[in-house]
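Peer 1: Next comes the structure file input14.cif, holding mmCIF, C-alpha atoms.
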```cif
data_coords
loop_
_atom_site.label_atom_id
_atom_site.label_comp_id
_atom_site.auth_asym_id
_atom_site.auth_seq_id
_atom_site.Cartn_x
_atom_site.Cartn_y
_atom_site.Cartn_z
CA MET D 1 0.00 0.00 0.00
CA SER D 2 1.44 3.38 -0.98
CA ASN D 3 1.82 6.35 1.33
CA THR D 4 -0.38 9.42 1.13
CA HIS D 5 2.14 12.05 2.26
CA LEU D 6 5.61 13.15 1.21
CA GLU D 7 8.21 14.23 3.76
CA PHE D 8 9.71 17.66 3.00
CA ASN D 9 13.25 18.41 4.18
CA VAL D 10 12.96 21.89 5.69
CA LEU D 11 16.73 22.38 6.06
CA ILE D 12 17.38 21.73 2.37
CA GLY D 13 14.40 23.88 1.44
CA ALA D 14 15.73 26.79 3.49
CA ASN D 15 18.96 26.74 1.46
CA LYS D 16 17.35 26.67 -1.98
CA PRO D 17 18.07 29.74 -4.13
CA GLU D 18 15.11 32.07 -4.66
CA ASN D 19 14.79 34.95 -7.12
CA ILE D 20 11.07 35.29 -7.78
CA ILE D 21 10.61 37.62 -4.82
CA ASN D 22 14.29 38.46 -4.28
CA LYS D 23 14.85 39.69 -7.82
CA ASN D 24 18.47 40.69 -7.20
CA ALA D 25 19.56 37.15 -6.37
CA SER D 26 21.69 35.36 -8.95
CA CYS D 27 20.20 32.60 -11.08
CA PRO D 28 21.99 29.23 -10.87
CA PHE D 29 20.38 28.03 -14.11
CA CYS D 30 21.99 30.86 -16.10
CA ASP D 31 25.49 29.65 -15.30
CA ARG D 32 25.57 26.58 -17.52
CA ASP D 33 29.26 25.90 -16.89
CA SER D 34 28.59 25.38 -13.18
CA LEU D 35 25.69 22.95 -13.62
CA GLU D 36 26.30 19.47 -12.23
CA ASN D 37 24.80 16.01 -12.79
CA ILE D 38 23.51 16.73 -16.29
CA ILE D 39 21.53 13.75 -17.57
CA ASP D 40 20.69 14.87 -21.11
CA ASP D 41 20.38 18.01 -23.20
CA ASP D 42 19.03 19.33 -26.47
CA GLY D 43 20.70 22.65 -27.15
CA SER D 44 19.56 25.06 -24.46
CA ILE D 45 17.20 22.46 -22.96
CA ILE D 46 18.90 20.60 -20.09
CA LEU D 47 17.80 17.74 -17.85
CA LEU D 48 19.76 17.39 -14.60
CA LYS D 49 19.42 16.01 -11.10
CA ASN D 50 17.92 18.47 -8.66
CA LYS D 51 20.67 19.98 -6.52
CA TYR D 52 18.19 20.56 -3.70
CA PRO D 53 16.24 17.30 -3.23
CA VAL D 54 13.72 18.48 -0.65
CA LEU D 55 11.50 15.39 -0.92
CA LYS D 56 12.35 12.21 0.95
CA ASP D 57 12.13 8.90 -0.91
CA ALA D 58 12.07 10.56 -4.32
CA TYR D 59 14.27 10.89 -7.39
CA GLN D 60 14.17 14.56 -8.31
CA THR D 61 15.18 16.07 -11.65
CA VAL D 62 14.85 19.49 -13.26
CA ILE D 63 14.40 20.46 -16.90
CA ILE D 64 15.90 23.87 -17.66
CA GLU D 65 13.70 24.95 -20.55
CA THR D 66 15.88 27.61 -22.16
CA ASP D 67 18.97 29.75 -21.65
CA GLU D 68 16.78 32.89 -21.71
CA CYS D 69 16.13 33.59 -18.04
CA HIS D 70 13.19 35.94 -18.51
CA SER D 71 11.49 34.00 -21.25
CA GLU D 72 8.31 32.02 -20.67
CA LEU D 73 6.57 29.01 -22.21
CA SER D 74 3.72 31.06 -23.65
CA THR D 75 6.15 33.07 -25.80
CA TYR D 76 8.46 30.32 -27.08
CA SER D 77 8.92 29.91 -30.80
CA LYS D 78 7.10 26.87 -32.20
CA ASP D 79 10.41 25.11 -32.87
CA HIS D 80 11.57 25.51 -29.28
CA LEU D 81 8.14 24.70 -27.85
CA TYR D 82 7.94 21.45 -29.81
CA ARG D 83 11.49 20.39 -28.93
CA LEU D 84 10.87 21.14 -25.26
CA LEU D 85 7.66 19.15 -24.98
CA SER D 86 9.05 16.24 -27.01
CA PHE D 87 12.21 16.13 -24.87
CA SER D 88 10.27 16.42 -21.60
CA LEU D 89 7.53 13.90 -22.38
CA LYS D 90 10.08 11.33 -23.52
CA HIS D 91 12.06 11.61 -20.29
CA TRP D 92 8.90 11.48 -18.18
CA ILE D 93 7.70 8.36 -19.99
CA LYS D 94 11.18 6.83 -19.83
CA LEU D 95 11.27 7.24 -16.04
CA MET D 96 7.77 5.77 -15.71
CA ASN D 97 8.78 2.79 -17.84
CA THR D 98 11.60 1.86 -15.46
CA ASN D 99 8.88 0.67 -13.05
CA GLU D 100 11.12 1.74 -10.18
CA TYR D 101 8.62 4.17 -8.68
CA GLN D 102 5.08 4.10 -7.35
CA SER D 103 4.45 7.06 -9.66
CA VAL D 104 6.30 9.78 -11.56
CA ILE D 105 5.06 13.36 -11.44
CA PHE D 106 5.82 15.98 -14.10
CA PHE D 107 4.96 19.63 -13.52
CA LYS D 108 5.88 23.28 -13.99
CA ASN D 109 5.58 26.29 -11.67
CA HIS D 110 5.47 29.84 -12.96
CA GLY D 111 5.08 33.01 -10.94
CA PRO D 112 4.99 34.07 -7.29
CA TYR D 113 1.79 32.15 -6.43
CA SER D 114 2.83 28.90 -8.12
CA GLY D 115 5.01 27.47 -5.37
CA GLY D 116 8.20 27.93 -7.38
CA SER D 117 11.43 29.54 -6.21
CA LEU D 118 13.32 30.40 -9.42
CA ARG D 119 12.18 32.71 -12.21
CA HIS D 120 14.24 30.92 -14.87
CA PRO D 121 11.80 28.72 -16.86
CA HIS D 122 12.01 25.11 -15.73
CA MET D 123 9.95 21.99 -15.14
CA GLN D 124 10.40 19.05 -12.79
CA ILE D 125 10.15 15.29 -13.19
CA VAL D 126 10.07 13.44 -9.87
CA GLY D 127 9.94 9.71 -9.25
CA LEU D 128 8.06 8.93 -6.02
CA ASN D 129 9.14 5.76 -4.23
CA ASP D 130 6.09 5.30 -2.03
CA VAL D 131 3.32 7.65 -3.22
CA ASP D 132 0.96 6.90 -6.11
CA TYR D 133 -0.57 10.18 -7.30
CA SER D 134 -3.08 8.32 -9.49
CA GLN D 135 -5.02 7.30 -6.39
CA ASN D 136 -6.10 10.93 -6.09
CA VAL D 137 -6.92 11.45 -9.77
CA SER D 138 -9.97 10.48 -11.79
CA ILE D 139 -11.11 10.96 -15.38
CA LYS D 140 -13.76 13.32 -14.05
CA ASP D 141 -10.95 15.82 -13.25
CA PHE D 142 -10.51 16.34 -17.01
CA GLU D 143 -14.13 16.50 -18.15
CA GLY D 144 -15.37 19.87 -19.31
CA ILE D 145 -16.73 22.25 -21.90
CA PRO D 146 -14.91 21.81 -25.24
CA ILE D 147 -12.76 24.68 -26.50
CA ALA D 148 -11.04 23.04 -29.48
CA SER D 149 -9.95 19.69 -30.87
CA LYS D 150 -7.51 18.55 -33.54
CA ASP D 151 -6.24 15.10 -34.54
CA GLY D 152 -7.91 13.58 -31.49
CA VAL D 153 -6.29 16.01 -29.04
CA LEU D 154 -8.96 17.67 -26.90
CA PHE D 155 -8.80 21.10 -25.21
CA ASN D 156 -11.44 22.01 -22.65
CA ILE D 157 -12.25 23.90 -19.44
CA SER D 158 -12.98 21.78 -16.37
CA SER D 159 -16.55 21.26 -15.27
CA PHE D 160 -15.21 19.61 -12.11
CA PRO D 161 -11.90 21.34 -11.30
CA ARG D 162 -9.57 19.64 -8.83
CA MET D 163 -8.94 22.86 -6.90
CA GLY D 164 -10.85 25.61 -8.72
CA PHE D 165 -11.93 27.98 -9.99
CA VAL D 166 -10.76 27.63 -13.61
CA GLU D 167 -8.67 24.78 -14.98
CA LEU D 168 -7.77 24.20 -18.63
CA ASN D 169 -7.26 20.59 -19.76
CA ILE D 170 -5.60 18.97 -22.74
CA LYS D 171 -6.06 15.28 -23.50
CA LEU D 172 -3.43 13.50 -25.61
CA PRO D 173 -4.66 10.09 -26.80
CA SER D 174 -1.52 9.32 -28.81
CA PHE D 175 2.07 10.49 -28.35
CA GLU D 176 2.36 11.01 -32.10
CA LYS D 177 0.07 14.04 -31.73
CA HIS D 178 2.03 15.69 -28.91
CA LEU D 179 2.79 18.77 -31.02
CA VAL D 180 -0.92 19.60 -30.98
CA MET D 181 -0.83 19.26 -27.21
CA ALA D 182 2.11 21.68 -27.18
CA ASP D 183 0.09 24.24 -29.16
CA TYR D 184 -2.86 23.95 -26.79
CA ILE D 185 -0.66 24.23 -23.69
CA GLN D 186 0.93 27.37 -25.10
CA ILE D 187 -2.47 28.87 -25.84
CA ALA D 188 -3.68 28.01 -22.33
CA THR D 189 -0.67 29.59 -20.60
CA HIS D 190 -0.76 32.66 -22.85
CA TYR D 191 -4.46 33.17 -22.13
CA VAL D 192 -3.93 32.78 -18.38
CA LEU D 193 -1.13 35.37 -18.26
CA ASN D 194 -2.59 37.87 -20.70
CA HIS D 195 -6.39 37.67 -20.89
CA PHE D 196 -7.78 35.73 -17.94
CA HIS D 197 -7.51 38.24 -15.10
CA LYS D 198 -5.55 41.47 -14.84
CA ASN D 199 -3.85 40.33 -11.61
CA CYS D 200 -2.94 36.82 -12.76
CA ASN D 201 0.82 36.35 -13.05
CA SER D 202 1.15 32.72 -11.97
CA TYR D 203 0.12 29.26 -13.10
CA ASN D 204 0.92 25.59 -12.65
CA LEU D 205 1.16 23.06 -15.46
CA PHE D 206 0.63 19.43 -14.45
CA PHE D 207 0.87 16.25 -16.50
CA TYR D 208 -0.95 13.02 -15.70
CA TYR D 209 -0.94 9.49 -17.05
CA VAL D 210 -4.42 8.07 -16.54
CA GLU D 211 -5.88 4.95 -18.14
CA ASN D 212 -3.14 4.82 -20.79
CA GLU D 213 -3.66 8.43 -21.88
CA ILE D 214 -1.74 11.61 -21.17
CA TYR D 215 -3.44 14.71 -19.79
CA ALA D 216 -2.15 18.20 -19.09
CA LYS D 217 -3.82 20.71 -16.80
CA VAL D 218 -3.09 24.45 -16.63
CA ILE D 219 -4.26 26.13 -13.43
CA PRO D 220 -4.14 29.92 -12.93
CA ARG D 221 -2.81 30.58 -9.43
CA PHE D 222 -3.90 33.13 -6.88
CA THR D 223 -4.10 32.90 -3.10
CA THR D 224 -5.62 29.47 -2.49
CA SER D 225 -9.26 29.40 -1.42
CA PRO D 226 -9.73 28.67 2.31
CA LEU D 227 -12.54 26.25 1.41
CA PHE D 228 -10.01 24.13 -0.44
CA VAL D 229 -7.27 24.54 2.17
CA GLY D 230 -9.50 23.67 5.09
CA TYR D 231 -12.08 21.31 3.61
CA SER D 232 -10.76 20.17 0.19
CA ILE D 233 -13.89 21.64 -1.41
CA PRO D 234 -13.18 22.89 -4.96
CA GLN D 235 -15.19 25.71 -6.50
CA VAL D 236 -16.05 26.19 -10.16
CA SER D 237 -16.42 29.57 -11.86
CA ASN D 238 -19.85 30.62 -13.12
CA GLN D 239 -18.09 32.17 -16.14
CA THR D 240 -16.74 29.00 -17.78
CA SER D 241 -18.87 29.36 -20.93
CA THR D 242 -17.73 32.96 -21.30
CA ILE D 243 -14.09 31.93 -20.94
CA VAL D 244 -14.53 29.24 -23.60
CA LYS D 245 -15.93 31.80 -26.06
CA ASN D 246 -13.16 34.24 -25.21
CA ILE D 247 -10.41 31.70 -25.90
CA GLN D 248 -12.06 30.60 -29.13
CA GLU D 249 -12.36 34.17 -30.35
CA LYS D 250 -8.77 35.07 -29.49
CA TYR D 251 -6.95 31.92 -30.67
CA PHE D 252 -9.15 29.89 -33.02
CA LYS D 253 -10.50 32.35 -35.59
#
```
Spell out the structure here as structure tokens.

Peer 2:
Amino acid sequence: MSNTHLEFNVLIGANKPENIINKNASCPFCDRDSLENIIDDDGSIILLKNKYPVLKDAYQTVIIETDECHSELSTYSKDHLYRLLSFSLKHWIKLMNTNEYQSVIFFKNHGPYSGGSLRHPHMQIVGLNDVDYSQNVSIKDFEGIPIASKDGVLFNISSFPRMGFVELNIKLPSFEKHLVMADYIQIATHYVLNHFHKNCNSYNLFFYYVENEIYAKVIPRFTTSPLFVGYSIPQVSNQTSTIVKNIQEKYFK
């Protein structure tokens, strides 16, 4: 039986570099020559072991997305976007296929409310020895109002968000169509940062492997609702249909 909680090493966490709030702090990801334990790379995209493994019983890696510190996924060129998602998905799937972990999580933090500590664009792939995230995930988490679809890849807004209030989902039924997923993820992140809410500067991007299919979920981040913190009760926006129309008008006409 898998565990339900991860142990966080507070001492390691206290020594992690941080430059989202402390903007004058140096960025360790910008100094490529000093990077250690590089696993693989594709030009400016680098996979390496996490220098600050704050989670017990976990194999923690980081994907440095680009050598441009103040860039962001929603503004990448199509060539770089496609190479990044292809590189990242392949390493995530590769780690899952080792069967050495209860589960392997793959996610991205962006902005001061996302839980991240470094501004430099990066993602994380983490193998969990004793925790199976899929026990807390269901297909219902990805059901919603359709926004767009192409080549079997579906883009929607959650009718039953995991946390609330607005969550954008992309379903990838076949890896061969992952470039369409990349396009939809970029649209989702661009919308969140530029058109969703004037005060929104943060989001999380999560990937899931559920019933032999890959899903991505983009969640705009603000201060977390106390109803979710205290009672695990998600809320859903009453403006979901309006948001769907807004995205369609801005990106699909």

Peer 1: Taking (-5.8, 17.7, -29.7) in the coordinates of the supplied file, I want to know which residues reach to within 8 Å of it, counting all atoms listed in the file; could you give the answer as a short mmCIF file (atom, residue, chain, number, x, y, z; two decimals) with C-alpha atoms, in the coordinates of the input?

Peer 2:
```cif
data_model
loop_
_atom_site.label_atom_id
_atom_site.label_comp_id
_atom_site.auth_asym_id
_atom_site.auth_seq_id
_atom_site.Cartn_x
_atom_site.Cartn_y
_atom_site.Cartn_z
CA ALA D 148 -11.04 23.04 -29.48
CA SER D 149 -9.95 19.69 -30.87
CA LYS D 150 -7.51 18.55 -33.54
CA ASP D 151 -6.24 15.10 -34.54
CA GLY D 152 -7.91 13.58 -31.49
CA VAL D 153 -6.29 16.01 -29.04
CA LEU D 154 -8.96 17.67 -26.90
CA PHE D 155 -8.80 21.10 -25.21
CA ILE D 170 -5.60 18.97 -22.74
CA LYS D 171 -6.06 15.28 -23.50
CA LEU D 172 -3.43 13.50 -25.61
CA LYS D 177 0.07 14.04 -31.73
CA VAL D 180 -0.92 19.60 -30.98
CA MET D 181 -0.83 19.26 -27.21
CA TYR D 184 -2.86 23.95 -26.79
#
```

Peer 1: Compile the contact shell of segment 42-48 of chain D as a PyMOL selection string: residues with an atom at most 7 Å away, counting all atoms listed in the file, same-chain residues fewer than 4 positions apart removed.

Peer 2: chain D and resi 37-38+61-67+84

Peer 1: Between atom CA of Ala14 of chain D and atom CA of Ser88 of chain D, measure the distance and give it in Å to one decimal.

Peer 2: 27.7 Å

Peer 1: Any chance you could resolve the PyMOL selection byres ((chain D and resi 139) around 10) against this file and give the residues as a VMD selection string?

Peer 2: chain D and resid 137 to 138 140 to 143 210 to 211 215

Peer 1: Could you tell me how far atom CA of His190 of chain D sits from atom CA of Thr75 of chain D, in Å to one decimal place?

Peer 2: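 Going from atom CA of Thr75 of chain D over to atom CA of His190 of chain D, I get 7.5 Å.
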
Peer 1: Run the PyMOL selection byres ((chain D and resi 242-245) around 9) against the file shown and list the residues it catches, as a list of chain:residue names.

Peer 2: D:Ile145, D:Pro146, D:Ile147, D:Asn156, D:Ile157, D:Phe196, D:Asn238, D:Gln239, D:Thr240, D:Ser241, D:Asn246, D:Ile247, D:Gln248, D:Glu249, D:Lys250

Peer 1: Give the answer as one residue: which of D:Tyr101, D:Arg119, D:Val229, D:Asn3 has the shortest atom-to-atom distance to Glu18 of chain D, using only C-alpha atoms?

Peer 2: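 Checking each of D:Tyr101, D:Arg119, D:Val229, D:Asn3 against Glu18 of chain D, counting only C-alpha atoms, the winner is D:Arg119.
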
Peer 1: What's the 12 Å shell around Phe165 of chain D, counting all atoms listed in the file, without same-chain residues fewer than 3 positions away, as a list in words?

Peer 2: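 Contacts, with the query itself left out: Ile157, Ser158, Ser159, Phe160, Pro161, Arg162, Leu168, Phe196, Val218, Ile219, Pro220, Arg221, Phe222, Thr223, Thr224, Ser225, Leu227, Phe228, Ile233, Pro234, Gln235, Val236, Ser237, Asn238, Gln239, Thr240 and Ile243 of chain D.
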
Peer 1: Rounded to one decimal in Å, what is the spacing between atom CA of Asn15 of chain D and atom CA of Phe29 of chain D?

Peer 2: 15.7 Å

Peer 1: Using only C-alpha atoms, which of D:Leu35, D:Tyr59, D:Gly115, D:Asp41 sits nearest Phe87 of chain D?

Peer 2: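 Among D:Leu35, D:Tyr59, D:Gly115, D:Asp41, it is D:Asp41 that comes nearest to Phe87 of chain D.
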
Peer 1: Taking only C-alpha atoms into account, which of D:Asn9, D:Asn136, D:Ser71, D:Asn19 comes nearest Val54 of chain D?

Peer 2: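 Checking each of D:Asn9, D:Asn136, D:Ser71, D:Asn19 against Val54 of chain D, counting only C-alpha atoms, the winner is D:Asn9.
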
Peer 1: Quick one: apply the PyMOL selection byres ((chain D and resi 26) around 12) to the file and drop the selected residues here as a list in words.

Peer 2: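 Applying the PyMOL selection byres ((chain D and resi 26) around 12) to the structure shown produces Lys16, Pro17, Glu18, Asn19, Ile20, Asn22, Lys23, Asn24, Ala25, Cys27, Pro28, Phe29, Cys30, Asp31, Cys69, Leu118, Arg119 and His120 of chain D.
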
Peer 1: Check the smallest atom-to-atom distance from each of D:Val131, D:Ala58, D:Trp92, D:Gln102 to Thr4 of chain D using only C-alpha atoms, then report the winner.

Peer 2: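 Among the listed residues, the smallest separation from Thr4 of chain D belongs to D:Val131.
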
Peer 1: Measuring between only C-alpha atoms, which one of D:Met163, D:Ile93, D:Gly111, D:Cys200 shows the shortest distance to Ser232 of chain D?

Peer 2: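 Between D:Met163, D:Ile93, D:Gly111, D:Cys200, the residue approaching Ser232 of chain D most closely is D:Met163.
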
Peer 1: Which polymer residues, whether protein, DNA or RNA, lie within 10 Å of the coordinate (0.9, 20.8, -16.8) when you count only C-alpha atoms? List them as a CSV table (one decimal) with C-alpha atoms, keeping the file's coordinate frame, using the chain letters and numbers from the file.

Peer 2:
```csv
chain,number,residue,atom,x,y,z
D,106,PHE,CA,5.8,16.0,-14.1
D,107,PHE,CA,5.0,19.6,-13.5
D,108,LYS,CA,5.9,23.3,-14.0
D,109,ASN,CA,5.6,26.3,-11.7
D,123,MET,CA,10.0,22.0,-15.1
D,168,LEU,CA,-7.8,24.2,-18.6
D,169,ASN,CA,-7.3,20.6,-19.8
D,170,ILE,CA,-5.6,19.0,-22.7
D,185,ILE,CA,-0.7,24.2,-23.7
D,189,THR,CA,-0.7,29.6,-20.6
D,203,TYR,CA,0.1,29.3,-13.1
D,204,ASN,CA,0.9,25.6,-12.6
D,205,LEU,CA,1.2,23.1,-15.5
D,206,PHE,CA,0.6,19.4,-14.4
D,207,PHE,CA,0.9,16.2,-16.5
D,208,TYR,CA,-1.0,13.0,-15.7
D,215,TYR,CA,-3.4,14.7,-19.8
D,216,ALA,CA,-2.2,18.2,-19.1
D,217,LYS,CA,-3.8,20.7,-16.8
D,218,VAL,CA,-3.1,24.4,-16.6
D,219,ILE,CA,-4.3,26.1,-13.4
```

Peer 1: Using only C-alpha atoms, find the one residue out of D:Leu179, D:Pro173, D:Ser2, D:Tyr251 that sits nearest to Lys78 of chain D.

Peer 2: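 Checking each of D:Leu179, D:Pro173, D:Ser2, D:Tyr251 against Lys78 of chain D, counting only C-alpha atoms, the winner is D:Leu179.
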
Peer 1: Once 3 Å is added on each side, what are the centre and the three edge lengths, in Å to one decimal, of the axis-aligned box enclosing the listed atoms of segment 129-144 of chain D? Present them as JSON.

Peer 2:
```
{"center_x": -3.1, "center_y": 12.6, "center_z": -10.7, "size_x": 30.5, "size_y": 20.6, "size_z": 23.3}
```
